[in-house]
Each structure stands twice: as structure tokens, then as C-alpha cells.
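Note: the block below is data-v5.pdb and it holds PDB, C-alpha atoms, pLDDT in the B column.
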ATOM      1  CA  MET D   1     -12.671  15.457  29.703  1.00 41.00           C
ATOM      2  CA  GLY D   2     -14.552  18.484  28.516  1.00 49.00           C
ATOM      3  CA  LYS D   3     -17.289  19.130  26.014  1.00 72.00           C
ATOM      4  CA  ASP D   4     -14.768  18.861  23.205  1.00 80.00           C
ATOM      5  CA  VAL D   5     -15.491  15.113  22.895  1.00 90.00           C
ATOM      6  CA  VAL D   6     -18.590  15.041  20.719  1.00 91.00           C
ATOM      7  CA  LEU D   7     -20.656  12.343  19.011  1.00 91.00           C
ATOM      8  CA  VAL D   8     -20.964  13.403  15.363  1.00 89.00           C
ATOM      9  CA  LYS D   9     -22.446  11.303  12.540  1.00 86.00           C
ATOM     10  CA  GLY D  10     -21.554   7.843  13.794  1.00 88.00           C
ATOM     11  CA  LYS D  11     -18.175   8.635  15.327  1.00 93.00           C
ATOM     12  CA  VAL D  12     -16.793  10.427  18.349  1.00 96.00           C
ATOM     13  CA  VAL D  13     -14.520  13.392  17.662  1.00 95.00           C
ATOM     14  CA  VAL D  14     -11.920  14.600  20.165  1.00 95.00           C
ATOM     15  CA  ALA D  15     -10.994  18.169  19.227  1.00 92.00           C
ATOM     16  CA  ASP D  16      -8.570  19.014  22.040  1.00 90.00           C
ATOM     17  CA  GLN D  17      -5.089  18.069  20.787  1.00 90.00           C
ATOM     18  CA  ALA D  18      -3.676  17.185  24.215  1.00 91.00           C
ATOM     19  CA  LYS D  19      -6.620  14.934  25.071  1.00 92.00           C
ATOM     20  CA  ALA D  20      -6.566  13.368  21.637  1.00 94.00           C
ATOM     21  CA  SER D  21      -2.858  12.553  21.898  1.00 93.00           C
ATOM     22  CA  LYS D  22      -3.297  11.102  25.381  1.00 93.00           C
ATOM     23  CA  ILE D  23      -6.127   8.815  24.236  1.00 94.00           C
ATOM     24  CA  PHE D  24      -4.295   7.726  21.095  1.00 93.00           C
ATOM     25  CA  ASN D  25      -0.952   7.134  22.808  1.00 90.00           C
ATOM     26  CA  LYS D  26      -2.507   5.184  25.650  1.00 88.00           C
ATOM     27  CA  GLY D  27      -3.751   2.383  23.440  1.00 89.00           C
ATOM     28  CA  GLN D  28      -3.774   3.209  19.737  1.00 92.00           C
ATOM     29  CA  PHE D  29      -7.420   4.311  19.957  1.00 95.00           C
ATOM     30  CA  GLY D  30      -8.862   6.139  16.964  1.00 94.00           C
ATOM     31  CA  ALA D  31      -7.271   7.815  13.961  1.00 93.00           C
ATOM     32  CA  PHE D  32      -6.330  11.430  13.377  1.00 94.00           C
ATOM     33  CA  SER D  33      -8.114  13.446  10.692  1.00 91.00           C
ATOM     34  CA  ASP D  34      -7.639  17.197  10.260  1.00 89.00           C
ATOM     35  CA  GLY D  35      -5.894  17.400  13.631  1.00 88.00           C
ATOM     36  CA  LYS D  36      -8.795  15.777  15.481  1.00 93.00           C
ATOM     37  CA  LEU D  37      -8.974  12.242  16.836  1.00 96.00           C
ATOM     38  CA  GLU D  38     -11.884  10.234  15.467  1.00 96.00           C
ATOM     39  CA  LEU D  39     -12.996   7.254  17.546  1.00 97.00           C
ATOM     40  CA  SER D  40     -15.287   4.480  16.370  1.00 96.00           C
ATOM     41  CA  LEU D  41     -18.463   3.978  18.376  1.00 97.00           C
ATOM     42  CA  GLU D  42     -16.968   0.785  19.817  1.00 97.00           C
ATOM     43  CA  GLU D  43     -13.759   2.536  20.894  1.00 97.00           C
ATOM     44  CA  ALA D  44     -15.723   5.361  22.512  1.00 97.00           C
ATOM     45  CA  LEU D  45     -18.038   3.037  24.457  1.00 98.00           C
ATOM     46  CA  TYR D  46     -15.076   0.951  25.603  1.00 98.00           C
ATOM     47  CA  LEU D  47     -13.354   4.071  26.967  1.00 97.00           C
ATOM     48  CA  MET D  48     -16.608   5.339  28.490  1.00 97.00           C
ATOM     49  CA  GLU D  49     -17.089   2.044  30.358  1.00 97.00           C
ATOM     50  CA  LYS D  50     -13.532   2.336  31.689  1.00 96.00           C
ATOM     51  CA  LYS D  51     -14.362   5.894  32.842  1.00 95.00           C
ATOM     52  CA  GLU D  52     -11.597   7.298  30.628  1.00 94.00           C
ATOM     53  CA  LEU D  53     -13.897   9.290  28.357  1.00 94.00           C
ATOM     54  CA  ASP D  54     -17.011  11.426  28.608  1.00 95.00           C
ATOM     55  CA  VAL D  55     -18.966  12.093  25.432  1.00 96.00           C
ATOM     56  CA  TRP D  56     -21.392  14.900  24.638  1.00 94.00           C
ATOM     57  CA  ASP D  57     -24.026  15.183  21.944  1.00 92.00           C
ATOM     58  CA  ARG D  58     -24.083  18.110  19.523  1.00 88.00           C
ATOM     59  CA  ALA D  59     -26.491  19.997  21.812  1.00 89.00           C
ATOM     60  CA  GLY D  60     -23.912  19.956  24.614  1.00 89.00           C
ATOM     61  CA  ARG D  61     -25.557  17.278  26.776  1.00 92.00           C
ATOM     62  CA  LYS D  62     -23.329  14.685  28.425  1.00 94.00           C
ATOM     63  CA  LEU D  63     -24.327  11.192  27.269  1.00 96.00           C
ATOM     64  CA  SER D  64     -24.876   8.383  29.754  1.00 96.00           C
ATOM     65  CA  LEU D  65     -23.718   4.878  28.828  1.00 96.00           C
ATOM     66  CA  SER D  66     -27.295   3.808  28.087  1.00 96.00           C
ATOM     67  CA  GLY D  67     -27.962   6.972  26.067  1.00 95.00           C
ATOM     68  CA  PHE D  68     -24.792   6.440  24.043  1.00 96.00           C
ATOM     69  CA  ILE D  69     -25.703   2.785  23.388  1.00 97.00           C
ATOM     70  CA  LYS D  70     -29.206   3.749  22.171  1.00 96.00           C
ATOM     71  CA  ILE D  71     -27.728   6.230  19.697  1.00 95.00           C
ATOM     72  CA  ALA D  72     -25.027   3.786  18.578  1.00 96.00           C
ATOM     73  CA  GLU D  73     -27.606   1.040  17.949  1.00 96.00           C
ATOM     74  CA  LYS D  74     -29.579   3.426  15.725  1.00 95.00           C
ATOM     75  CA  LYS D  75     -26.495   4.523  13.790  1.00 94.00           C
ATOM     76  CA  GLN D  76     -24.961   1.098  13.267  1.00 92.00           C
ATOM     77  CA  LYS D  77     -26.579  -2.248  12.545  1.00 89.00           C
ATOM     78  CA  ARG D  78     -25.414  -5.064  14.790  1.00 93.00           C
ATOM     79  CA  PHE D  79     -23.732  -2.578  17.141  1.00 96.00           C
ATOM     80  CA  TRP D  80     -24.058  -4.691  20.270  1.00 96.00           C
ATOM     81  CA  VAL D  81     -22.692  -7.838  18.598  1.00 97.00           C
ATOM     82  CA  ARG D  82     -19.792  -5.827  17.169  1.00 97.00           C
ATOM     83  CA  TYR D  83     -19.143  -4.199  20.539  1.00 97.00           C
ATOM     84  CA  SER D  84     -19.193  -7.538  22.391  1.00 97.00           C
ATOM     85  CA  VAL D  85     -16.441  -8.861  20.122  1.00 98.00           C
ATOM     86  CA  PHE D  86     -14.504  -5.571  20.255  1.00 98.00           C
ATOM     87  CA  LYS D  87     -14.565  -5.464  24.055  1.00 98.00           C
ATOM     88  CA  ASN D  88     -13.589  -9.118  24.406  1.00 97.00           C
ATOM     89  CA  LEU D  89     -10.531  -8.821  22.158  1.00 97.00           C
ATOM     90  CA  ARG D  90      -9.518  -5.331  23.273  1.00 97.00           C
ATOM     91  CA  SER D  91      -9.621  -6.440  26.929  1.00 96.00           C
ATOM     92  CA  SER D  92      -7.250  -9.266  25.955  1.00 95.00           C
ATOM     93  CA  GLY D  93      -4.691  -6.826  24.529  1.00 94.00           C
ATOM     94  CA  TYR D  94      -5.487  -6.887  20.814  1.00 96.00           C
ATOM     95  CA  ILE D  95      -5.829  -3.672  18.802  1.00 95.00           C
ATOM     96  CA  LEU D  96      -8.920  -3.426  16.589  1.00 96.00           C
ATOM     97  CA  LYS D  97      -9.608  -0.947  13.808  1.00 95.00           C
ATOM     98  CA  THR D  98     -12.608  -0.786  11.497  1.00 92.00           C
ATOM     99  CA  ALA D  99     -12.537  -2.954   8.365  1.00 91.00           C
ATOM    100  CA  PHE D 100     -15.526  -1.693   6.398  1.00 86.00           C
ATOM    101  CA  LYS D 101     -13.516  -1.355   3.189  1.00 86.00           C
ATOM    102  CA  TYR D 102     -12.616  -5.038   3.509  1.00 87.00           C
ATOM    103  CA  GLY D 103     -16.215  -6.136   4.025  1.00 86.00           C
ATOM    104  CA  GLY D 104     -15.573  -7.092   7.641  1.00 91.00           C
ATOM    105  CA  ASP D 105     -16.165  -5.456  10.982  1.00 94.00           C
ATOM    106  CA  PHE D 106     -12.596  -5.079  12.272  1.00 96.00           C
ATOM    107  CA  ARG D 107      -8.962  -5.468  11.383  1.00 96.00           C
ATOM    108  CA  VAL D 108      -7.318  -7.239  14.320  1.00 97.00           C
ATOM    109  CA  TYR D 109      -3.672  -6.632  15.168  1.00 96.00           C
ATOM    110  CA  GLU D 110      -1.520  -8.941  17.251  1.00 93.00           C
ATOM    111  CA  LYS D 111      -0.898  -7.965  20.867  1.00 92.00           C
ATOM    112  CA  GLY D 112       1.685  -5.192  21.037  1.00 87.00           C
ATOM    113  CA  ALA D 113       1.399  -4.313  17.332  1.00 88.00           C
ATOM    114  CA  LYS D 114       1.198  -0.692  16.197  1.00 87.00           C
ATOM    115  CA  PRO D 115      -1.280  -0.030  13.383  1.00 89.00           C
ATOM    116  CA  GLY D 116       0.390   1.985  10.667  1.00 85.00           C
ATOM    117  CA  GLU D 117       3.745   0.363  11.407  1.00 90.00           C
ATOM    118  CA  GLU D 118       2.557  -3.247  11.210  1.00 92.00           C
ATOM    119  CA  HIS D 119      -0.219  -4.996   9.329  1.00 93.00           C
ATOM    120  CA  ALA D 120      -3.303  -6.578  10.845  1.00 95.00           C
ATOM    121  CA  THR D 121      -3.324 -10.379  11.028  1.00 95.00           C
ATOM    122  CA  TRP D 122      -7.083 -10.880  10.742  1.00 96.00           C
ATOM    123  CA  ILE D 123     -10.210  -9.436   9.205  1.00 95.00           C
ATOM    124  CA  LEU D 124     -12.921 -10.134  11.764  1.00 96.00           C
ATOM    125  CA  TYR D 125     -16.622 -10.512  11.128  1.00 95.00           C
ATOM    126  CA  ALA D 126     -18.852 -10.419  14.241  1.00 96.00           C
ATOM    127  CA  VAL D 127     -21.949 -12.629  14.218  1.00 96.00           C
ATOM    128  CA  ASP D 128     -24.823 -13.247  16.604  1.00 97.00           C
ATOM    129  CA  GLU D 129     -25.245 -16.990  17.264  1.00 96.00           C
ATOM    130  CA  HIS D 130     -28.790 -16.805  15.844  1.00 96.00           C
ATOM    131  CA  GLU D 131     -27.689 -15.004  12.683  1.00 93.00           C
ATOM    132  CA  SER D 132     -26.777 -16.800   9.506  1.00 91.00           C
ATOM    133  CA  ILE D 133     -24.252 -15.567   6.974  1.00 89.00           C
ATOM    134  CA  PRO D 134     -25.296 -16.047   3.350  1.00 90.00           C
ATOM    135  CA  PHE D 135     -22.740 -18.204   1.571  1.00 92.00           C
ATOM    136  CA  LEU D 136     -21.961 -15.528  -1.033  1.00 92.00           C
ATOM    137  CA  THR D 137     -21.279 -12.997   1.737  1.00 88.00           C
ATOM    138  CA  PHE D 138     -19.034 -15.483   3.539  1.00 90.00           C
ATOM    139  CA  ALA D 139     -17.192 -16.309   0.305  1.00 90.00           C
ATOM    140  CA  ALA D 140     -16.756 -12.607  -0.515  1.00 90.00           C
ATOM    141  CA  ILE D 141     -15.298 -11.611   2.865  1.00 89.00           C
ATOM    142  CA  ASN D 142     -13.070 -14.692   2.854  1.00 91.00           C
ATOM    143  CA  ARG D 143     -11.802 -13.870  -0.636  1.00 91.00           C
ATOM    144  CA  VAL D 144     -11.123 -10.230   0.266  1.00 92.00           C
ATOM    145  CA  ALA D 145      -9.279 -11.247   3.457  1.00 92.00           C
ATOM    146  CA  HIS D 146      -7.160 -13.699   1.473  1.00 90.00           C
ATOM    147  CA  SER D 147      -6.425 -11.141  -1.264  1.00 91.00           C
ATOM    148  CA  VAL D 148      -5.076  -8.628   1.279  1.00 92.00           C
ATOM    149  CA  LYS D 149      -3.018 -11.347   2.995  1.00 92.00           C
ATOM    150  CA  LYS D 150      -5.138 -11.523   6.127  1.00 93.00           C
ATOM    151  CA  LYS D 151      -6.848 -14.446   7.817  1.00 94.00           C
ATOM    152  CA  LEU D 152     -10.608 -14.372   8.240  1.00 95.00           C
ATOM    153  CA  MET D 153     -11.863 -14.647  11.796  1.00 96.00           C
ATOM    154  CA  LEU D 154     -15.475 -15.088  12.851  1.00 96.00           C
ATOM    155  CA  GLY D 155     -16.429 -13.900  16.336  1.00 97.00           C
ATOM    156  CA  ILE D 156     -19.721 -15.557  17.322  1.00 97.00           C
ATOM    157  CA  VAL D 157     -21.558 -13.960  20.242  1.00 97.00           C
ATOM    158  CA  ASP D 158     -23.967 -16.129  22.238  1.00 96.00           C
ATOM    159  CA  ASP D 159     -26.990 -15.039  24.283  1.00 94.00           C
ATOM    160  CA  GLU D 160     -24.857 -14.626  27.419  1.00 93.00           C
ATOM    161  CA  GLY D 161     -22.402 -12.344  25.627  1.00 91.00           C
ATOM    162  CA  SER D 162     -19.597 -14.922  25.442  1.00 95.00           C
ATOM    163  CA  VAL D 163     -17.599 -14.926  22.220  1.00 97.00           C
ATOM    164  CA  THR D 164     -16.228 -17.951  20.363  1.00 97.00           C
ATOM    165  CA  TYR D 165     -13.699 -17.369  17.597  1.00 98.00           C
ATOM    166  CA  TYR D 166     -13.114 -19.342  14.421  1.00 96.00           C
ATOM    167  CA  GLU D 167     -10.204 -18.689  12.094  1.00 95.00           C
ATOM    168  CA  ILE D 168     -10.864 -19.530   8.454  1.00 91.00           C
ATOM    169  CA  ASN D 169      -7.928 -20.675   6.344  1.00 82.00           C
ATOM    170  CA  TRP D 170      -7.575 -21.541   2.673  1.00 76.00           C
ATOM    171  CA  VAL D 171      -6.590 -25.097   1.878  1.00 76.00           C
ATOM    172  CA  LYS D 172      -5.127 -26.222  -1.432  1.00 74.00           C
ATOM    173  CA  PHE D 173      -5.654 -29.800  -2.550  1.00 79.00           C
TER     174      PHE D 173
END
Structure translated into C-alpha cells:
Amino acid sequence: MGKDVVLVKGKVVVADQAKASKIFNKGQFGAFSDGKLELSLEEALYLMEKKELDVWDRAGRKLSLSGFIKIAEKKQKRFWVRYSVFKNLRSSGYILKTAFKYGGDFRVYEKGAKPGEEHATWILYAVDEHESIPFLTFAAINRVAHSVKKKLMLGIVDDEGSVTYYEINWVKF
């Protein structure tokens, strides 16, 4: 891909319409805005690792994987934990989209689902195994997930990069 795939303000923008359509249609990556495909940092790194995407900075320099990761870690707290969960689920066939407005990290769609046509099943919150979640934060994200008819999922990343998932459900007594 050419220099029309640029890292801009915490996202990767694909300006070329043909390339954008190819990336989107291949796996529901990104979202279109003003005719351009906008990829999350996690989506872009995933495609870079698969050698399906090259990304340039605004100065026109091609970014290496390590260079991209350094920038992503500066732009987004907990990037590596979020990416570990993203990669694990995406490699298993799930579609993930950002869930910032829900207080989580990702909306997770069932395998084969098409975002925009179907709803996500889970709101996922990625956590490092050494991190603790304040109870009020946990309660808030659980309440929001429940209010939008989603299940809350925690993806806990250990020191080796393995991910364990916990689904949180409401119980009425």
C-alpha cells in the first residue's frame, strides 16, 4: 500500500478508496468517515503484523512495527493490554470495534456477524493481571453494558500475553 495510509491523531486513515474498500470488505476493519477508512490503532497493528498494511507518519516516513507500537503506547493508555486482547479475539474470528462511549475497550461481535447489521454481544474491558479495577468503575461499566443489552466481558492478560476471559452476568434473587 502507498503513502496514503497515514497515522493521524490516534488513528490510521486510509485515503485511497479502493484500498479502503478492500481492507474493510476483507474483515470489517475500520469505519468510513468522509469517504476515508479510519482504523483503530489495534486494527492497524493487527494488519501490519499480518503484512497486509503499511503505515506512514505525517512526515512521509514508513513506520516499522516497533515504531508504530511506541507511538501507539504514547497515544493510548494500556495499548499493549488492549492489543493483546484484540489480537487474541480477532485471530479467533470475532469482530471488535471500539467501545469508548460505553466505558469499555471494545464491542465484541459474534463470529460471522456484520457490525451495522447486527448488534455486539459483549462490551469488553481489557485488564492487565496486575491491575485492579476500582469497584465503582466495574459497577459503572457493568451497568452501562446491561443498559445497552450487552454482556460485560473482562479480558485479563497475564505476563506471558495469554488472555483469560470472564463474562459478567446480572442475577436476580
- Item | Answer key for the PyMOL selection byres ((chain D and resi 151) around 12), residues as a PyMOL selection string | chain D and resi 102+104+106-109+119-125+141-150+152-154+166-170
For the residues in that selection, give me C-alpha atoms as a compact mmCIF listing (two decimals), keeping the file's coordinate frame.
# COMPACT_ATOMS: atom_id res chain seq x y z
CA TYR D 102 -12.62 -5.04 3.51
CA GLY D 104 -15.57 -7.09 7.64
CA PHE D 106 -12.60 -5.08 12.27
CA ARG D 107 -8.96 -5.47 11.38
CA VAL D 108 -7.32 -7.24 14.32
CA TYR D 109 -3.67 -6.63 15.17
CA HIS D 119 -0.22 -5.00 9.33
CA ALA D 120 -3.30 -6.58 10.84
CA THR D 121 -3.32 -10.38 11.03
CA TRP D 122 -7.08 -10.88 10.74
CA ILE D 123 -10.21 -9.44 9.20
CA LEU D 124 -12.92 -10.13 11.76
CA TYR D 125 -16.62 -10.51 11.13
CA ILE D 141 -15.30 -11.61 2.86
CA ASN D 142 -13.07 -14.69 2.85
CA ARG D 143 -11.80 -13.87 -0.64
CA VAL D 144 -11.12 -10.23 0.27
CA ALA D 145 -9.28 -11.25 3.46
CA HIS D 146 -7.16 -13.70 1.47
CA SER D 147 -6.42 -11.14 -1.26
CA VAL D 148 -5.08 -8.63 1.28
CA LYS D 149 -3.02 -11.35 3.00
CA LYS D 150 -5.14 -11.52 6.13
CA LEU D 152 -10.61 -14.37 8.24
CA MET D 153 -11.86 -14.65 11.80
CA LEU D 154 -15.48 -15.09 12.85
CA TYR D 166 -13.11 -19.34 14.42
CA GLU D 167 -10.20 -18.69 12.09
CA ILE D 168 -10.86 -19.53 8.45
CA ASN D 169 -7.93 -20.68 6.34
CA TRP D 170 -7.58 -21.54 2.67
- Task: Could you check which of D:Lys19, D:Phe68, D:Glu129, D:Val163 is closest to D:Trp56, using only C-alpha atoms?
- Result: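 Nearest candidate to D:Trp56 out of D:Lys19, D:Phe68, D:Glu129, D:Val163: D:Phe68.
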- Message: Once the PyMOL selection byres ((chain D and resi 41-45) around 7) has been evaluated on this model, what residues remain selected, and can you format them as a PyMOL selection string?
- Response: chain D and resi 10-12+29+39-40+46-49+72+83+86
- Task: Work out how far apart atom CA of D:Leu7 and atom CA of D:Asp57 are and give it in Å to one decimal.
- Result: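 Those two atoms sit 5.3 Å apart.
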- If you measure from atom CA of D:Ser162 to atom CA of D:Ala139, what distance in Å do you get, rounded to one decimal?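 Between atom CA of D:Ser162 and atom CA of D:Ala139 the gap is 25.3 Å.
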If the box runs along x, y and z of the file and leaves 4 Å on each side of stretch 47-50 of chain D, what are its centre and edge lengths in Å, one decimal, as JSON?
{"center_x": -15.2, "center_y": 3.7, "center_z": 29.3, "size_x": 11.7, "size_y": 11.3, "size_z": 12.7}
- Nearest to D:Leu53: which of D:Val6, D:Arg78, D:Ser92, D:Leu136 is it, counting all atoms listed in the file?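 Closest candidate: D:Val6.
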I would like the residues chosen by the PyMOL selection byres ((chain D and resi 88) around 12) on the shown file; could you give them as a compact mmCIF listing (two decimals) with C-alpha atoms, keeping the file's coordinate frame?
# COMPACT_ATOMS: atom_id res chain seq x y z
CA GLU D 42 -16.97 0.78 19.82
CA TYR D 46 -15.08 0.95 25.60
CA VAL D 81 -22.69 -7.84 18.60
CA ARG D 82 -19.79 -5.83 17.17
CA TYR D 83 -19.14 -4.20 20.54
CA SER D 84 -19.19 -7.54 22.39
CA VAL D 85 -16.44 -8.86 20.12
CA PHE D 86 -14.50 -5.57 20.26
CA LYS D 87 -14.56 -5.46 24.06
CA LEU D 89 -10.53 -8.82 22.16
CA ARG D 90 -9.52 -5.33 23.27
CA SER D 91 -9.62 -6.44 26.93
CA SER D 92 -7.25 -9.27 25.96
CA GLY D 93 -4.69 -6.83 24.53
CA TYR D 94 -5.49 -6.89 20.81
CA ILE D 95 -5.83 -3.67 18.80
CA LEU D 96 -8.92 -3.43 16.59
CA ALA D 126 -18.85 -10.42 14.24
CA GLY D 155 -16.43 -13.90 16.34
CA ILE D 156 -19.72 -15.56 17.32
CA VAL D 157 -21.56 -13.96 20.24
CA GLY D 161 -22.40 -12.34 25.63
CA SER D 162 -19.60 -14.92 25.44
CA VAL D 163 -17.60 -14.93 22.22
CA THR D 164 -16.23 -17.95 20.36
CA TYR D 165 -13.70 -17.37 17.60
- Message: Restricting the calculation to only C-alpha atoms: of D:Glu73, D:Asp54, D:Glu160, D:Glu110, which residue gets closest to D:Asp4?
- Response: D:Asp54
- Query: In Å, how far is it from atom CA of D:Val14 to atom CA of D:Leu37?
  - Reply: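 About the pair atom CA of D:Val14 and atom CA of D:Leu37: they are 5.0 Å apart.
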